>>> print(open('entry.cif').read())   # mmCIF, C-alpha atoms
data_start
#
loop_
_atom_site.label_atom_id
_atom_site.label_comp_id
_atom_site.auth_asym_id
_atom_site.auth_seq_id
_atom_site.Cartn_x
_atom_site.Cartn_y
_atom_site.Cartn_z
CA MET A 181 168.93 137.37 50.87
CA GLN A 182 168.60 133.60 50.70
CA VAL A 183 169.28 132.34 47.17
CA VAL A 184 168.93 128.84 45.74
CA ILE A 185 170.83 128.15 42.52
CA MET A 186 170.19 125.05 40.41
CA GLY A 187 173.16 124.02 38.29
CA CYS A 188 176.78 124.22 39.44
CA GLY A 189 178.55 124.63 36.09
CA ARG A 190 180.52 127.70 35.06
CA THR A 191 177.62 130.10 35.37
CA GLY A 192 176.04 128.58 38.47
CA SER A 193 179.26 128.44 40.45
CA ALA A 194 180.23 131.97 39.38
CA LEU A 195 176.78 133.27 40.35
CA ALA A 196 176.98 131.48 43.70
CA THR A 197 180.34 133.12 44.36
CA GLY A 198 179.03 136.53 43.30
CA CYS A 199 175.92 136.27 45.48
CA GLU A 200 177.96 135.21 48.47
CA ALA A 201 180.22 138.22 47.97
CA GLU A 202 177.07 140.36 48.11
CA GLY A 203 176.27 138.84 51.48
CA ASP A 204 173.61 136.38 50.33
CA GLN A 205 173.10 132.96 51.87
CA VAL A 206 173.53 130.61 48.92
CA SER A 207 172.59 126.98 48.27
CA VAL A 208 173.61 125.24 45.06
CA ILE A 209 171.86 122.16 43.66
CA ASP A 210 173.34 119.86 41.02
CA VAL A 211 172.59 116.28 39.94
CA ASP A 212 176.32 115.68 39.67
CA GLU A 213 178.03 115.52 43.05
CA THR A 214 181.49 115.95 41.49
CA VAL A 215 180.82 119.51 40.24
CA ARG A 216 180.84 120.67 43.86
CA ASN A 217 184.52 121.43 43.26
CA HIS A 218 183.53 124.23 40.83
CA LEU A 219 182.74 126.22 43.95
CA PRO A 220 185.69 128.14 45.34
CA ARG A 221 187.58 126.95 48.38
CA GLY A 222 186.06 128.58 51.42
CA PHE A 223 182.60 128.84 49.85
CA GLY A 224 180.33 129.23 52.84
CA GLY A 225 177.08 128.13 51.23
CA ARG A 226 175.48 124.74 50.95
CA PHE A 227 175.76 122.17 48.14
CA VAL A 228 172.91 119.70 47.64
CA ALA A 229 173.26 116.75 45.25
CA GLY A 230 170.03 115.94 43.41
CA ASN A 231 167.57 116.96 40.70
CA GLY A 232 166.29 120.47 41.38
CA ILE A 233 162.79 119.62 40.15
CA THR A 234 162.32 117.22 43.09
CA PRO A 235 160.52 118.97 45.98
CA ARG A 236 162.54 117.10 48.61
CA VAL A 237 165.81 118.27 47.02
CA LEU A 238 164.57 121.87 46.86
CA GLU A 239 163.54 121.67 50.52
CA GLU A 240 166.96 120.39 51.49
CA ALA A 241 168.44 123.44 49.76
CA GLY A 242 166.27 125.71 51.90
CA ILE A 243 163.70 126.68 49.26
CA ALA A 244 161.04 127.24 51.94
CA HIS A 245 162.84 130.38 53.11
CA ALA A 246 164.43 131.41 49.81
CA GLU A 247 163.78 134.84 48.37
CA ALA A 248 165.22 133.91 44.99
CA PHE A 249 165.59 130.80 42.84
CA VAL A 250 167.72 130.68 39.70
CA ALA A 251 167.76 127.64 37.38
CA LEU A 252 170.92 127.50 35.28
CA THR A 253 171.34 123.89 34.14
CA PRO A 254 171.93 123.11 30.43
CA ASN A 255 168.51 121.40 30.36
CA ASP A 256 165.74 123.85 29.43
CA ASN A 257 162.95 121.53 30.52
CA ALA A 258 164.56 120.91 33.91
CA ASN A 259 165.06 124.67 34.39
CA THR A 260 161.46 125.42 33.49
CA VAL A 261 159.94 122.70 35.66
CA ALA A 262 162.12 123.58 38.67
CA ALA A 263 161.35 127.28 38.27
CA ARG A 264 157.63 126.62 38.12
CA VAL A 265 157.80 124.34 41.18
CA ALA A 266 159.78 126.99 43.08
CA ARG A 267 157.18 129.61 42.26
CA GLU A 268 153.91 127.66 42.43
CA VAL A 269 154.66 125.15 45.21
CA PHE A 270 157.13 127.07 47.38
CA ARG A 271 156.00 130.62 46.56
CA VAL A 272 159.53 131.92 46.01
CA PRO A 273 159.11 135.62 45.17
CA ARG A 274 161.89 135.91 42.58
CA VAL A 275 162.37 133.11 40.08
CA LEU A 276 164.56 133.07 36.96
CA ALA A 277 165.36 130.32 34.46
CA ARG A 278 168.02 130.21 31.79
CA LEU A 279 167.10 128.92 28.35
CA TYR A 280 169.44 127.69 25.65
CA ASP A 281 166.99 127.10 22.82
CA PRO A 282 165.46 130.41 21.70
CA ALA A 283 163.03 128.56 19.42
CA HIS A 284 161.20 127.22 22.45
CA ALA A 285 161.28 130.37 24.53
CA PRO A 286 157.66 131.32 23.67
CA VAL A 287 156.40 128.04 25.14
CA TYR A 288 158.26 128.58 28.37
CA SER A 289 157.15 132.17 28.73
CA GLU A 290 153.56 130.86 28.77
CA PHE A 291 154.49 129.07 31.97
CA GLY A 292 154.87 132.51 33.54
CA ILE A 293 158.58 132.11 34.18
CA VAL A 294 161.02 134.96 33.61
CA THR A 295 163.67 133.54 31.33
CA VAL A 296 167.20 134.57 30.47
CA GLY A 297 168.15 133.35 27.01
CA SER A 298 171.92 132.94 27.14
CA VAL A 299 172.18 132.10 23.46
CA GLN A 300 169.82 134.88 22.36
CA THR A 301 171.60 137.43 24.56
CA THR A 302 174.98 136.48 23.09
CA VAL A 303 173.67 136.51 19.51
CA ASN A 304 172.05 139.94 19.92
CA ARG A 305 175.21 141.36 21.46
CA VAL A 306 177.56 139.94 18.83
CA VAL A 307 175.35 141.05 15.92
CA GLN A 308 175.19 144.49 17.40
CA LEU A 309 178.97 144.70 17.90
CA LEU A 310 179.61 143.45 14.36
CA HIS A 311 177.19 145.73 12.59
CA HIS A 312 176.37 148.67 14.79
CA SER A 313 179.60 149.64 16.50
CA THR A 314 178.68 153.31 16.04
CA LEU A 315 175.49 152.81 18.02
CA GLU A 316 176.90 151.55 21.28
CA PRO A 317 174.00 150.82 23.64
CA HIS A 318 173.89 152.45 27.06
CA GLN A 319 171.47 149.85 28.29
CA THR A 320 169.83 146.70 26.98
CA PHE A 321 166.48 145.34 28.11
CA GLY A 322 165.11 141.80 28.35
CA ASN A 323 167.40 139.54 26.40
CA GLY A 324 168.71 142.35 24.24
CA GLU A 325 165.58 142.75 22.12
CA THR A 326 165.37 146.44 23.01
CA LEU A 327 168.21 148.89 23.54
CA LEU A 328 168.82 152.42 24.72
CA VAL A 329 171.28 154.11 22.38
CA ARG A 330 172.61 157.67 22.19
CA SER A 331 173.89 159.31 19.06
CA ARG A 332 175.17 162.67 17.93
CA VAL A 333 172.89 164.25 15.37
CA PRO A 334 174.62 164.99 12.04
CA ASP A 335 174.52 168.61 10.87
CA TYR A 336 172.44 167.91 7.79
CA LEU A 337 169.49 166.99 10.02
CA ALA A 338 169.45 170.46 11.70
CA GLY A 339 166.00 172.01 11.56
CA ARG A 340 164.14 168.70 11.32
CA GLY A 341 161.72 167.80 14.10
CA VAL A 342 163.39 165.49 16.58
CA LEU A 343 160.32 163.25 16.81
CA GLU A 344 160.54 162.55 13.07
CA PHE A 345 162.86 159.68 14.08
CA ASN A 346 159.98 157.87 15.77
CA VAL A 347 158.77 154.69 14.10
CA PRO A 348 155.96 152.96 16.02
CA GLY A 349 157.16 149.69 17.51
CA GLU A 350 160.72 150.26 16.32
CA ILE A 351 162.29 153.57 17.29
CA GLN A 352 161.31 156.03 20.00
CA VAL A 353 163.12 159.26 20.86
CA VAL A 354 163.22 159.66 24.64
CA GLU A 355 165.74 162.39 25.42
CA LEU A 356 167.72 165.22 23.88
CA SER A 357 170.93 166.80 25.20
CA ARG A 358 172.02 170.19 23.91
CA ALA A 359 174.97 172.13 25.25
CA GLY A 360 175.12 170.00 28.38
CA HIS A 361 171.42 170.34 29.20
CA SER A 362 169.07 167.38 28.93
CA ARG A 363 165.37 167.52 28.19
CA ILE A 364 162.48 165.37 27.08
CA PRO A 365 161.76 166.65 23.58
CA GLU A 366 158.34 167.77 22.38
CA HIS A 367 156.84 167.61 18.92
CA SER A 368 157.93 171.09 18.03
CA THR A 369 161.53 170.72 19.17
CA PRO A 370 163.77 171.26 16.11
CA LEU A 371 167.16 169.56 15.96
CA GLU A 372 170.44 171.46 15.97
CA GLY A 373 173.76 170.11 14.76
CA GLY A 374 175.67 168.62 17.69
CA ASP A 375 172.57 167.58 19.63
CA ILE A 376 172.82 164.18 21.30
CA VAL A 377 169.62 162.17 21.13
CA SER A 378 168.68 159.07 23.18
CA PHE A 379 166.60 156.45 21.40
CA ILE A 380 164.84 153.32 22.56
CA VAL A 381 165.23 151.01 19.60
CA ALA A 382 164.31 147.42 18.79
CA ALA A 383 167.44 145.35 18.09
CA ARG A 384 166.05 144.41 14.68
CA SER A 385 165.60 148.11 13.80
CA LEU A 386 169.17 149.24 14.52
CA ASP A 387 169.92 149.20 10.81
CA ARG A 388 167.02 151.50 10.16
CA LEU A 389 168.10 153.96 12.84
CA ARG A 390 171.64 153.91 11.53
CA SER A 391 170.46 154.62 8.00
CA PHE A 392 168.51 157.65 9.32
CA LEU A 393 171.62 158.97 11.06
CA ASP A 394 173.99 158.20 8.18
CA GLY A 395 171.69 159.87 5.70
CA GLY A 396 171.02 156.60 3.93
CA SER A 397 167.64 155.95 2.43
CA SER A 398 165.06 154.71 4.91
CA MET B 719 141.81 105.52 19.38
CA ARG B 720 144.45 107.94 18.19
CA ILE B 721 147.37 107.80 20.61
CA ILE B 722 150.69 109.67 20.72
CA VAL B 723 153.50 108.06 22.71
CA ILE B 724 156.55 110.15 23.66
CA GLY B 725 159.84 108.37 24.27
CA GLY B 726 162.37 106.03 22.79
CA ALA B 727 163.65 102.50 23.23
CA GLY B 728 162.36 100.44 26.13
CA LEU B 729 159.03 101.06 27.83
CA PRO B 730 157.71 103.76 25.42
CA GLU B 731 158.22 101.61 22.33
CA GLN B 732 156.80 98.55 24.05
CA VAL B 733 153.72 100.52 25.08
CA ALA B 734 153.35 101.84 21.54
CA ALA B 735 153.70 98.38 19.98
CA ALA B 736 151.16 96.86 22.39
CA LEU B 737 148.62 99.60 21.70
CA HIS B 738 149.16 99.21 17.96
CA LYS B 739 148.49 95.47 18.26
CA ALA B 740 145.30 96.23 20.16
CA GLY B 741 144.10 98.20 17.12
CA ASP B 742 144.91 101.78 18.10
CA GLU B 743 146.39 104.30 15.69
CA VAL B 744 149.75 105.05 17.32
CA THR B 745 152.36 107.75 16.62
CA VAL B 746 155.70 107.75 18.45
CA ILE B 747 157.76 110.91 19.01
CA ASP B 748 161.42 110.33 19.72
CA THR B 749 164.64 112.30 19.36
CA ASP B 750 166.66 109.28 18.26
CA PRO B 751 166.85 108.99 14.43
CA ASP B 752 168.13 105.41 14.67
CA ARG B 753 164.85 104.15 16.10
CA GLU B 754 162.69 105.54 13.32
CA ALA B 755 163.15 102.63 10.87
CA ALA B 756 162.48 100.03 13.58
CA LEU B 757 159.23 101.80 14.53
CA VAL B 758 157.97 102.07 10.98
CA LYS B 759 158.81 98.40 10.41
CA VAL B 760 156.35 97.28 13.08
CA GLY B 761 153.63 99.53 11.67
CA LEU B 762 153.99 102.55 13.92
CA ARG B 763 154.04 106.14 12.74
CA ALA B 764 157.27 107.85 13.82
CA VAL B 765 157.95 111.57 14.23
CA ARG B 766 161.42 112.69 15.13
CA GLY B 767 161.94 115.79 17.24
CA ASN B 768 161.65 117.55 20.56
CA ALA B 769 158.18 116.71 21.86
CA ALA B 770 158.10 119.85 23.99
CA ALA B 771 157.96 121.91 20.78
CA PRO B 772 154.37 122.55 19.67
CA SER B 773 155.40 122.09 16.02
CA THR B 774 156.55 118.52 16.74
CA LEU B 775 153.36 117.66 18.60
CA GLU B 776 151.29 119.09 15.78
CA ALA B 777 153.20 117.03 13.21
CA ALA B 778 152.38 113.97 15.31
CA GLY B 779 148.68 114.79 15.13
CA ALA B 780 148.17 116.30 18.58
CA LEU B 781 145.13 118.27 17.39
CA ARG B 782 143.23 115.06 16.70
CA ALA B 783 144.72 112.77 19.34
CA ASP B 784 142.52 111.11 21.98
CA VAL B 785 145.38 110.21 24.30
CA LEU B 786 148.97 111.34 24.81
CA VAL B 787 151.40 109.21 26.81
CA ALA B 788 154.47 111.12 28.08
CA CYS B 789 156.69 108.16 28.73
CA THR B 790 160.34 109.30 28.58
CA ARG B 791 162.93 108.51 31.22
CA SER B 792 163.04 112.17 32.23
CA ASP B 793 160.44 113.52 34.64
CA GLU B 794 161.02 117.12 33.58
CA ASP B 795 160.50 116.22 29.91
CA ASN B 796 157.29 114.35 30.72
CA LEU B 797 155.92 117.31 32.71
CA VAL B 798 156.69 119.91 30.04
CA VAL B 799 155.27 117.76 27.23
CA SER B 800 152.10 117.07 29.26
CA LEU B 801 151.55 120.77 29.88
CA VAL B 802 152.12 121.72 26.24
CA ALA B 803 149.81 118.92 25.06
CA LYS B 804 147.02 120.07 27.36
CA LYS B 805 147.44 123.83 27.00
CA HIS B 806 148.16 124.03 23.26
CA PHE B 807 146.23 121.06 21.92
CA ASP B 808 143.68 120.29 24.60
CA VAL B 809 144.42 116.55 24.31
CA PRO B 810 141.51 114.89 26.18
CA ARG B 811 143.59 112.39 28.14
CA VAL B 812 147.23 112.94 29.09
CA VAL B 813 149.03 110.06 30.79
CA ALA B 814 152.51 110.65 32.22
CA ARG B 815 155.21 108.36 33.53
CA VAL B 816 156.97 109.15 36.81
CA ASN B 817 160.54 107.90 36.95
CA ASP B 818 161.61 109.11 40.39
CA PRO B 819 158.85 108.36 42.94
CA ALA B 820 159.99 111.49 44.83
CA ASN B 821 158.52 113.53 41.95
CA GLU B 822 155.14 111.80 41.97
CA GLY B 823 153.46 114.68 43.80
CA LEU B 824 154.21 117.02 40.90
CA PHE B 825 152.24 115.03 38.36
CA ASP B 826 148.78 116.54 38.58
CA ARG B 827 146.30 118.72 36.69
CA SER B 828 148.47 121.80 37.16
CA TRP B 829 150.85 120.15 34.67
CA GLY B 830 148.07 118.96 32.39
CA VAL B 831 148.40 115.37 33.64
CA ASP B 832 145.16 113.36 33.88
CA ALA B 833 146.67 110.02 34.95
CA VAL B 834 150.04 109.04 36.40
CA VAL B 835 151.98 105.82 35.91
CA SER B 836 154.90 105.09 38.19
CA PRO B 837 156.50 101.80 37.12
CA LEU B 838 158.89 101.80 40.08
CA SER B 839 156.19 102.51 42.68
CA ALA B 840 153.97 99.85 41.13
CA LEU B 841 156.76 97.30 41.25
CA ILE B 842 157.66 98.11 44.85
CA SER B 843 154.07 97.91 46.05
CA ILE B 844 153.64 94.52 44.36
CA ILE B 845 156.83 93.27 46.01
CA HIS B 846 155.58 94.46 49.40
CA GLN B 847 152.20 92.80 48.87
CA ALA B 848 153.85 89.52 47.92
CA THR B 849 156.01 89.26 51.03
#
>>> encode(input="entry.cif", output="structure tokens")
Amino acid sequence: MQVVIMGCGRTGSALATGCEAEGDQVSVIDVDETVRNHLPRGFGGRFVAGNGITPRVLEEAGIAHAEAFVALTPNDNANTVAARVAREVFRVPRVLARLYDPAHAPVYSEFGIVTVGSVQTTVNRVVQLLHHSTLEPHQTFGNGETLLVRSRVPDYLAGRGVLEFNVPGEIQVVELSRAGHSRIPEHSTPLEGGDIVSFIVAARSLDRLRSFLDGGSS
Amino acid sequence: MRIIVIGGAGLPEQVAAALHKAGDEVTVIDTDPDREAALVKVGLRAVRGNAAAPSTLEAAGALRADVLVACTRSDEDNLVVSLVAKKHFDVPRVVARVNDPANEGLFDRSWGVDAVVSPLSALISIIHQAT
């Protein structure tokens, strides 16, 4: 796959190295020519000095044949503009932009760009590790707004309907494992002590799910 | 006319001051707190903040503005502000400054830009005409 990366800082250079290890053809764009040395010795891809919003610079980096474009500079506006140019002008099929300022993320999402909020992702992860260590997620979605968590059901909940955990928009039971067998639970499925239940839960509702499982008031 | 000018010292402030003198009601949005007093002194309204944020544009009166001039030294900032002004506030006339002539092709209706000003291109074409 041909990949164009805008921004050759810590993340950009590490991503370039990782993509090359996967066999991708990689070009890296940065306004600062000196950051070229962030790329490892023996890096086989291309480095282009210039502003990644400028069509000529993108062309020099091979955008016309790129299958993916990733904008990772510390400048949210530059990332958004470059991502939109890559998608709208050069029709790159896969386009991602990193955003630092979560407060402005809604504006950028209106541009139709898939964004990765590095600050928001870190905040969600740290909050979750600080407060919900017992609900270790198996998978996170988006920028960590939604998680898949699994938990052992405490004995005192035996006999309750498994779908009683569901809270619209917050918590959704998706799977139940009992004695090594997994199934998608139905309304009538009663819980047994020792069951392991998988939940899709909104990050902001982790407290609520934990209070259900701990027997706290909901 | 009610005009919002985005950008700090240099061309944006000069544009704002000239429009104000011509009788327009001008608001300047800039990130630099040090410029605020100087702007107010010459009779301009000043709003501090990130002009790409709808809340900042609204505080500057974007809902009632006739014209918005995206005049910063950053082409990406001017494009994002133009698009937000057009999409969120439907500002009737959005004028944007191009800093790098290589980016001139980007400044069109797809970014909410109604008119483009490229000081460098203008200067170069005048120099060519003169010689």
>>> resolve_selection(input="entry.cif", expression="the PyMOL selection byres ((chain B) within 7 of (chain A))", output="MDAnalysis selection string")
chainID B and resid 771 794:795 798 820:821
>>> write_last_selection(input="entry.cif", atoms="C-alpha atoms", output="PDB file, in the coordinates of the input")
ATOM      1  CA  ALA B 771     157.960 121.910  20.780  1.00  0.00           C
ATOM      2  CA  GLU B 794     161.020 117.120  33.580  1.00  0.00           C
ATOM      3  CA  ASP B 795     160.500 116.220  29.910  1.00  0.00           C
ATOM      4  CA  VAL B 798     156.690 119.910  30.040  1.00  0.00           C
ATOM      5  CA  ALA B 820     159.990 111.490  44.830  1.00  0.00           C
ATOM      6  CA  ASN B 821     158.520 113.530  41.950  1.00  0.00           C
TER       7      ASN B 821
END
>>> resolve_selection(input="entry.cif", expression="the PyMOL selection byres ((chain B and resi 815) around 6)", output="number ranges by chain")
B: 789, 814, 816, 834-836
>>> atom_distance(input="entry.cif", atom1="atom CA of A:Ile185", atom2="atom CA of A:Leu252")
7.3 Å
>>> resolve_selection(input="entry.cif", expression="the PyMOL selection byres ((chain B and resi 777-784) around 9)", output="PyMOL selection string")
chain B and resi 719-722+745-747+763-765+772-776+785-786+803+806-812
>>> atom_distance(input="entry.cif", atom1="atom CA of B:Leu757", atom2="atom CA of B:Ile724")
12.7 Å
>>> atom_distance(input="entry.cif", atom1="atom CA of A:Leu279", atom2="atom CA of A:Gly297")
4.7 Å
>>> residues_around(input="entry.cif", residues="stretch 373-380 of chain A", least_positions_apart="2", cutoff="6 Å", atoms="all atoms listed in the file", output="MDAnalysis selection string")
chainID A and resid 327:335 338 351:358
>>> residues_near_point(input="entry.cif", point="(152.4, 94.3, 17.7)", cutoff="12 Å", atoms="only C-alpha atoms", output="VMD selection string")
chain B and resid 731 to 744 757 to 762
>>> decode(input="entry.cif", residues="stretch 186-218 of chain A", atoms="N, CA and C atoms", output="PDB file, in the first residue's frame")
ATOM      1  N   MET A 186       1.780  13.096   6.734  1.00  0.00           N
ATOM      2  CA  MET A 186       2.117  14.511   6.896  1.00  0.00           C
ATOM      3  C   MET A 186       2.490  14.745   8.354  1.00  0.00           C
ATOM      4  N   GLY A 187       3.709  15.232   8.577  1.00  0.00           N
ATOM      5  CA  GLY A 187       4.196  15.426   9.942  1.00  0.00           C
ATOM      6  C   GLY A 187       5.222  14.363  10.279  1.00  0.00           C
ATOM      7  N   CYS A 188       6.464  14.808  10.530  1.00  0.00           N
ATOM      8  CA  CYS A 188       7.544  13.845  10.796  1.00  0.00           C
ATOM      9  C   CYS A 188       8.073  14.019  12.219  1.00  0.00           C
ATOM     10  N   GLY A 189       7.166  14.209  13.168  1.00  0.00           N
ATOM     11  CA  GLY A 189       7.563  14.264  14.579  1.00  0.00           C
ATOM     12  C   GLY A 189       7.657  12.848  15.128  1.00  0.00           C
ATOM     13  N   ARG A 190       7.436  12.721  16.438  1.00  0.00           N
ATOM     14  CA  ARG A 190       7.536  11.395  17.059  1.00  0.00           C
ATOM     15  C   ARG A 190       6.557  10.415  16.450  1.00  0.00           C
ATOM     16  N   THR A 191       5.294  10.846  16.352  1.00  0.00           N
ATOM     17  CA  THR A 191       4.269   9.930  15.871  1.00  0.00           C
ATOM     18  C   THR A 191       4.450   9.642  14.382  1.00  0.00           C
ATOM     19  N   GLY A 192       4.649  10.706  13.600  1.00  0.00           N
ATOM     20  CA  GLY A 192       4.773  10.536  12.151  1.00  0.00           C
ATOM     21  C   GLY A 192       5.931   9.638  11.770  1.00  0.00           C
ATOM     22  N   SER A 193       7.088   9.870  12.400  1.00  0.00           N
ATOM     23  CA  SER A 193       8.248   9.061  12.034  1.00  0.00           C
ATOM     24  C   SER A 193       8.065   7.613  12.497  1.00  0.00           C
ATOM     25  N   ALA A 194       7.428   7.437  13.667  1.00  0.00           N
ATOM     26  CA  ALA A 194       7.189   6.063  14.148  1.00  0.00           C
ATOM     27  C   ALA A 194       6.187   5.350  13.245  1.00  0.00           C
ATOM     28  N   LEU A 195       5.158   6.076  12.808  1.00  0.00           N
ATOM     29  CA  LEU A 195       4.170   5.471  11.905  1.00  0.00           C
ATOM     30  C   LEU A 195       4.816   5.113  10.564  1.00  0.00           C
ATOM     31  N   ALA A 196       5.671   6.010  10.070  1.00  0.00           N
ATOM     32  CA  ALA A 196       6.355   5.749   8.798  1.00  0.00           C
ATOM     33  C   ALA A 196       7.179   4.465   8.904  1.00  0.00           C
ATOM     34  N   THR A 197       7.891   4.331  10.029  1.00  0.00           N
ATOM     35  CA  THR A 197       8.714   3.151  10.237  1.00  0.00           C
ATOM     36  C   THR A 197       7.849   1.892  10.315  1.00  0.00           C
ATOM     37  N   GLY A 198       6.732   2.016  11.049  1.00  0.00           N
ATOM     38  CA  GLY A 198       5.825   0.871  11.193  1.00  0.00           C
ATOM     39  C   GLY A 198       5.205   0.455   9.876  1.00  0.00           C
ATOM     40  N   CYS A 199       4.800   1.441   9.063  1.00  0.00           N
ATOM     41  CA  CYS A 199       4.186   1.125   7.772  1.00  0.00           C
ATOM     42  C   CYS A 199       5.201   0.466   6.842  1.00  0.00           C
ATOM     43  N   GLU A 200       6.432   0.986   6.892  1.00  0.00           N
ATOM     44  CA  GLU A 200       7.453   0.394   6.025  1.00  0.00           C
ATOM     45  C   GLU A 200       7.716  -1.057   6.417  1.00  0.00           C
ATOM     46  N   ALA A 201       7.693  -1.320   7.723  1.00  0.00           N
ATOM     47  CA  ALA A 201       7.892  -2.693   8.185  1.00  0.00           C
ATOM     48  C   ALA A 201       6.770  -3.615   7.709  1.00  0.00           C
ATOM     49  N   GLU A 202       5.580  -3.023   7.473  1.00  0.00           N
ATOM     50  CA  GLU A 202       4.454  -3.805   6.959  1.00  0.00           C
ATOM     51  C   GLU A 202       4.524  -3.970   5.442  1.00  0.00           C
ATOM     52  N   GLY A 203       5.547  -3.371   4.848  1.00  0.00           N
ATOM     53  CA  GLY A 203       5.708  -3.502   3.401  1.00  0.00           C
ATOM     54  C   GLY A 203       5.115  -2.361   2.599  1.00  0.00           C
ATOM     55  N   ASP A 204       4.653  -1.313   3.272  1.00  0.00           N
ATOM     56  CA  ASP A 204       4.070  -0.173   2.554  1.00  0.00           C
ATOM     57  C   ASP A 204       5.168   0.690   1.926  1.00  0.00           C
ATOM     58  N   GLN A 205       4.776   1.387   0.854  1.00  0.00           N
ATOM     59  CA  GLN A 205       5.649   2.422   0.295  1.00  0.00           C
ATOM     60  C   GLN A 205       5.253   3.720   0.974  1.00  0.00           C
ATOM     61  N   VAL A 206       6.185   4.361   1.643  1.00  0.00           N
ATOM     62  CA  VAL A 206       5.847   5.491   2.508  1.00  0.00           C
ATOM     63  C   VAL A 206       6.518   6.778   2.035  1.00  0.00           C
ATOM     64  N   SER A 207       5.741   7.874   2.009  1.00  0.00           N
ATOM     65  CA  SER A 207       6.308   9.210   1.835  1.00  0.00           C
ATOM     66  C   SER A 207       5.948  10.020   3.062  1.00  0.00           C
ATOM     67  N   VAL A 208       6.894  10.835   3.530  1.00  0.00           N
ATOM     68  CA  VAL A 208       6.647  11.681   4.691  1.00  0.00           C
ATOM     69  C   VAL A 208       6.847  13.143   4.285  1.00  0.00           C
ATOM     70  N   ILE A 209       5.870  13.979   4.679  1.00  0.00           N
ATOM     71  CA  ILE A 209       5.932  15.409   4.379  1.00  0.00           C
ATOM     72  C   ILE A 209       6.118  16.173   5.684  1.00  0.00           C
ATOM     73  N   ASP A 210       7.012  17.157   5.689  1.00  0.00           N
ATOM     74  CA  ASP A 210       7.092  18.048   6.855  1.00  0.00           C
ATOM     75  C   ASP A 210       7.587  19.412   6.393  1.00  0.00           C
ATOM     76  N   VAL A 211       7.072  20.474   7.011  1.00  0.00           N
ATOM     77  CA  VAL A 211       7.535  21.828   6.654  1.00  0.00           C
ATOM     78  C   VAL A 211       8.991  22.032   7.049  1.00  0.00           C
ATOM     79  N   ASP A 212       9.420  21.278   8.059  1.00  0.00           N
ATOM     80  CA  ASP A 212      10.769  21.465   8.597  1.00  0.00           C
ATOM     81  C   ASP A 212      11.697  20.386   8.044  1.00  0.00           C
ATOM     82  N   GLU A 213      12.620  20.818   7.205  1.00  0.00           N
ATOM     83  CA  GLU A 213      13.537  19.877   6.557  1.00  0.00           C
ATOM     84  C   GLU A 213      14.405  19.123   7.573  1.00  0.00           C
ATOM     85  N   THR A 214      14.687  19.764   8.718  1.00  0.00           N
ATOM     86  CA  THR A 214      15.631  19.155   9.670  1.00  0.00           C
ATOM     87  C   THR A 214      15.058  17.924  10.381  1.00  0.00           C
ATOM     88  N   VAL A 215      13.706  17.787  10.405  1.00  0.00           N
ATOM     89  CA  VAL A 215      13.138  16.639  11.128  1.00  0.00           C
ATOM     90  C   VAL A 215      13.250  15.344  10.332  1.00  0.00           C
ATOM     91  N   ARG A 216      13.786  15.444   9.120  1.00  0.00           N
ATOM     92  CA  ARG A 216      14.051  14.248   8.323  1.00  0.00           C
ATOM     93  C   ARG A 216      14.857  13.223   9.143  1.00  0.00           C
ATOM     94  N   ASN A 217      15.715  13.737  10.028  1.00  0.00           N
ATOM     95  CA  ASN A 217      16.562  12.811  10.801  1.00  0.00           C
ATOM     96  C   ASN A 217      15.792  12.062  11.895  1.00  0.00           C
ATOM     97  N   HIS A 218      14.477  12.346  12.058  1.00  0.00           N
ATOM     98  CA  HIS A 218      13.663  11.506  12.948  1.00  0.00           C
ATOM     99  C   HIS A 218      13.413  10.130  12.323  1.00  0.00           C
TER     100      HIS A 218
END
